[in-house]
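J.: Got a structure for you, questions after.
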Protein chains: 2
Amino acid sequence: MEPTDTEKRILQAATLVFERDGFLGARMQVIADEAGISKASLHYYFRTKEKLFDRIFDDYTASIVPLLSTWEDGTDEWQEKVRHFVKGLMRVFSENSLLFMAQELHRDPKKLEPRMAKRRTGPNPFITYYEGLRAKGLVRDMDPRPLLVAMQSICAYPSMNPKMLAGSLRMNNKEYTAFITSYADDAADLLVRMMEK
Amino acid sequence: MEPTDTEKRILQAATLVFERDGFLGARMQVIADEAGISKASLHYYFRTKEKLFDRIFDDYTASIVPLLSTWEDGTDEWQEKVRHFVKGLMRVFSENSLLFMAQELHRDPKKLEPRMAKRRTGPNPFITYYEGLRAKGLVRDMDPRPLLVAMQSICAYPSMNPKMLAGSLRMNNKEYTAFITSYADDAADLLVRMMEK
DNA sequence: AAACCGTTTGACTATTTGGTCAATCGATTT
DNA sequence: AAATCGATTGACCAAATAGTCAAACGGTTT
């Protein structure tokens with residue numbers, strides 16, 4: 001099932017347009033133009049806009065999965081794991097905007113929830129990992145779930161709502177982009193600090 | 001300029017529909033139905049969908065402004081201020097979803113950026129406040145900007161992308177809602193911890 | 001009771017857009 | 001060179017929807 005060259009171009013174009021305009025704002029004609037083909041051809045490869053979106057959604061979630069193994073293997077210290085995971089997550093989120101997926105997940109949960117559920121088997125790897133450290137007395141003795149939420153928030157939000165944050169920081173787009181690059185390290189440090197004894 | 005009863009009902013209905021469906025997904029007919037009036041009447045009060053959205057947007061940003069005074073007045077200890085601000089922010093975000101506003105700000109920045117800029121005069125109050133504490137040696141000696149970003153992320157993201165977080169935590173909607181209520185306290189503690197010496 | 005005026009509405013329009021389809025193209029096989 | 005077949009497309013359609021407008025409604029003033 002090698003994706004053909006045309007299919008690749010479609011997926012690239014669709015990702016660009018979906019991220020910029022959202023599912024409802026995206027136009028099949030615009031995606032076709034971006035991919036350099038006709039709208040009819042686009043429908044030949046992906047019969048409907050929803051099927052095209054589903055594919056983008058699946059590819060995206062698949063790109064996050066490898067990061068989860070951070071908590072499962074390797075011999076690094078937990079501080080290193082946190083730094084590695086945070087930087088990896090922020091890189092993914094900066095490359096592909098999560099915003100339009102969150103919006104669509106909110107607007108029509110039934111459409112995508114089953115697809116997400118498929119990815120999740122067993123308990124969350126971070127939770128398991130933290131409970132292990134906690135039992136050994138290596139980290140702060142607390143419920144890891146707020147930590148998980150805080151970690152994902154700190155990684156995801158800055159790229160999801162850049163305009164508001166840039167506003168709070170009194171920065172223009174260029175300044176904000178530069179700031180966020182260095183923020184990854186700071187964020188990792190703050191998270192390590194939250195977990196330390 | 002007291003808003004009439006009809007106008008209030010329109011704003012209430014529009015908030016509901018915009019939050020649920022986003023700007024592009026919202027239908028003027030649905031908003032009219034929700035408000036118990038005809039679509040023509042809706043257009044009589046707000047000539048276009050954009051003007052209606054702008055009003056909702058302005059009302060929403062106005063509701064956040066009072067919280068910013070947390071950093072400017074009062075005699076509380078800084079830990080108390082952080083707890084107060086975090087809980088206030090999370091309450092606002094849980095009552096009114098930020099997601100559709102972020103989406104619209106991203107899709108058409110030119111439309112809303114001028115409206116946001118008007119609200120922002122002078123430096124960010126938190127930054128100023130933290131620099132004051134820092135000079136007195138009362139908090140950790142670090143750039144407050146990553147702290148500001150982390151604080152807003154921790155407050156906003158859990159209500160912006162509940163489906164994904166609930167998935168990570170292996171919770172259903174009901175469990176997640178309950179969890180987020182108690183999370184406000186945990187989040188405040190974590191943030192205090194980030195700022196402590 | 002008639003003129004007035006802010007409010008309300010049903011009916012209508014213009015436009016946008018996802019999706020379809022018959023015809024065509026072009027490379028490969030027979 | 002003719003048949004085959006996946007890929008491509010221009011032309012088209014049906015549905016959805018933001019916005020308009022003339023008419024009507026109802027309370028108040030003249």
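Every chain in the structure tokens has a letter given in the order shown (A, B, ...), and although residue numbers restart at 1 in each chain, ligands are simply numbered from 1 in the order shown.
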Please identify every residue of chain A that has at least one atom no farther than 6 Å from an atom of chain B, counting only C-alpha atoms, and for each give the shortest atom pair and the distance in Å to one decimal, arranged by chain then increasing number, as a tab-separated table.

T.:
```
residue	atom	partner	partner_atom	distance
A:Asp21	CA	B:Arg107	CA	5.5
A:Ala102	CA	B:Asn161	CA	5.6
A:Arg107	CA	B:Asp21	CA	5.6
A:Ala150	CA	B:Ile154	CA	5.4
A:Ser153	CA	B:Ser153	CA	5.3
A:Ile154	CA	B:Ser153	CA	5.3
A:Tyr157	CA	B:Ser153	CA	5.3
A:Asn161	CA	B:Ala102	CA	5.6
```

J.: Sort by chain and increasing residue number a table of all residues of range 5-30 of chain C within 12 Å of range 43-67 of chain B, each with its closest pair of atoms and their distance in Å to one decimal, counting only C-alpha atoms (C1' of nucleotides), and write it as a Markdown table.

T.:
```
| residue | atom | partner | partner_atom | distance |
| --- | --- | --- | --- | --- |
| C:DG6 | C1' | B:Tyr44 | CA | 11.0 |
| C:DT7 | C1' | B:Tyr44 | CA | 8.7 |
| C:DT8 | C1' | B:Tyr44 | CA | 9.0 |
| C:DT9 | C1' | B:Tyr44 | CA | 10.9 |
```

J.: Between B:Ser97, B:Asn173, B:Ser41, B:Thr128, which residue has the minimum interatomic distance to Thr15 in chain B, considering only C-alpha atoms?

T.: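 Using only C-alpha atoms, the shortest distance to Thr15 in chain B belongs to B:Ser97.
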
J.: For DA15 in chain D, which residue among C:DA3, C:DG10, C:DT29, C:DT17 is the nearest when counting only C-alpha atoms (C1' of nucleotides)?

T.: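 Smallest separation from DA15 in chain D among the options: C:DT17.
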
J.: If you run DSSP over the backbone, which residues in range 19-118 of chain B end up alpha helix (DSSP H)? Put them as a VMD selection string.

T.: chain B and resid 19 to 25 28 to 35 39 to 45 49 to 68 78 to 95 99 to 107 109 to 118

J.: With a distance cut-off of 12 Å and only C-alpha atoms (C1' of nucleotides), select the neighbouring residues of DT16 in chain C, excluding the residue or stretch itself and same-chain residues fewer than 4 positions from it, and output the selection as a PDB file with C-alpha atoms (C1' of nucleotides), in the first residue's frame.

T.:
```pdb
ATOM      1  CA  ARG A  27     -12.228  23.895   0.498  1.00  0.00           C
ATOM      2  CA  GLN A  29     -10.946  23.108  -4.596  1.00  0.00           C
TER       3      GLN A  29
ATOM      4  C1'  DA D  15     -28.222  21.350  -1.172  1.00  0.00           C
ATOM      5  C1'  DA D  16     -27.147  24.635   2.178  1.00  0.00           C
ATOM      6  C1'  DT D  17     -27.089  29.193   3.849  1.00  0.00           C
ATOM      7  C1'  DA D  18     -26.036  34.364   4.741  1.00  0.00           C
TER       8       DA D  18
END
```

J.: Which one is closest to chain C: B:Ile31, B:Ala40, B:Thr75, B:Asp5? Count only C-alpha atoms (C1' of nucleotides).

T.: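 Looking at the shortest contact to chain C, the residue is B:Ala40.
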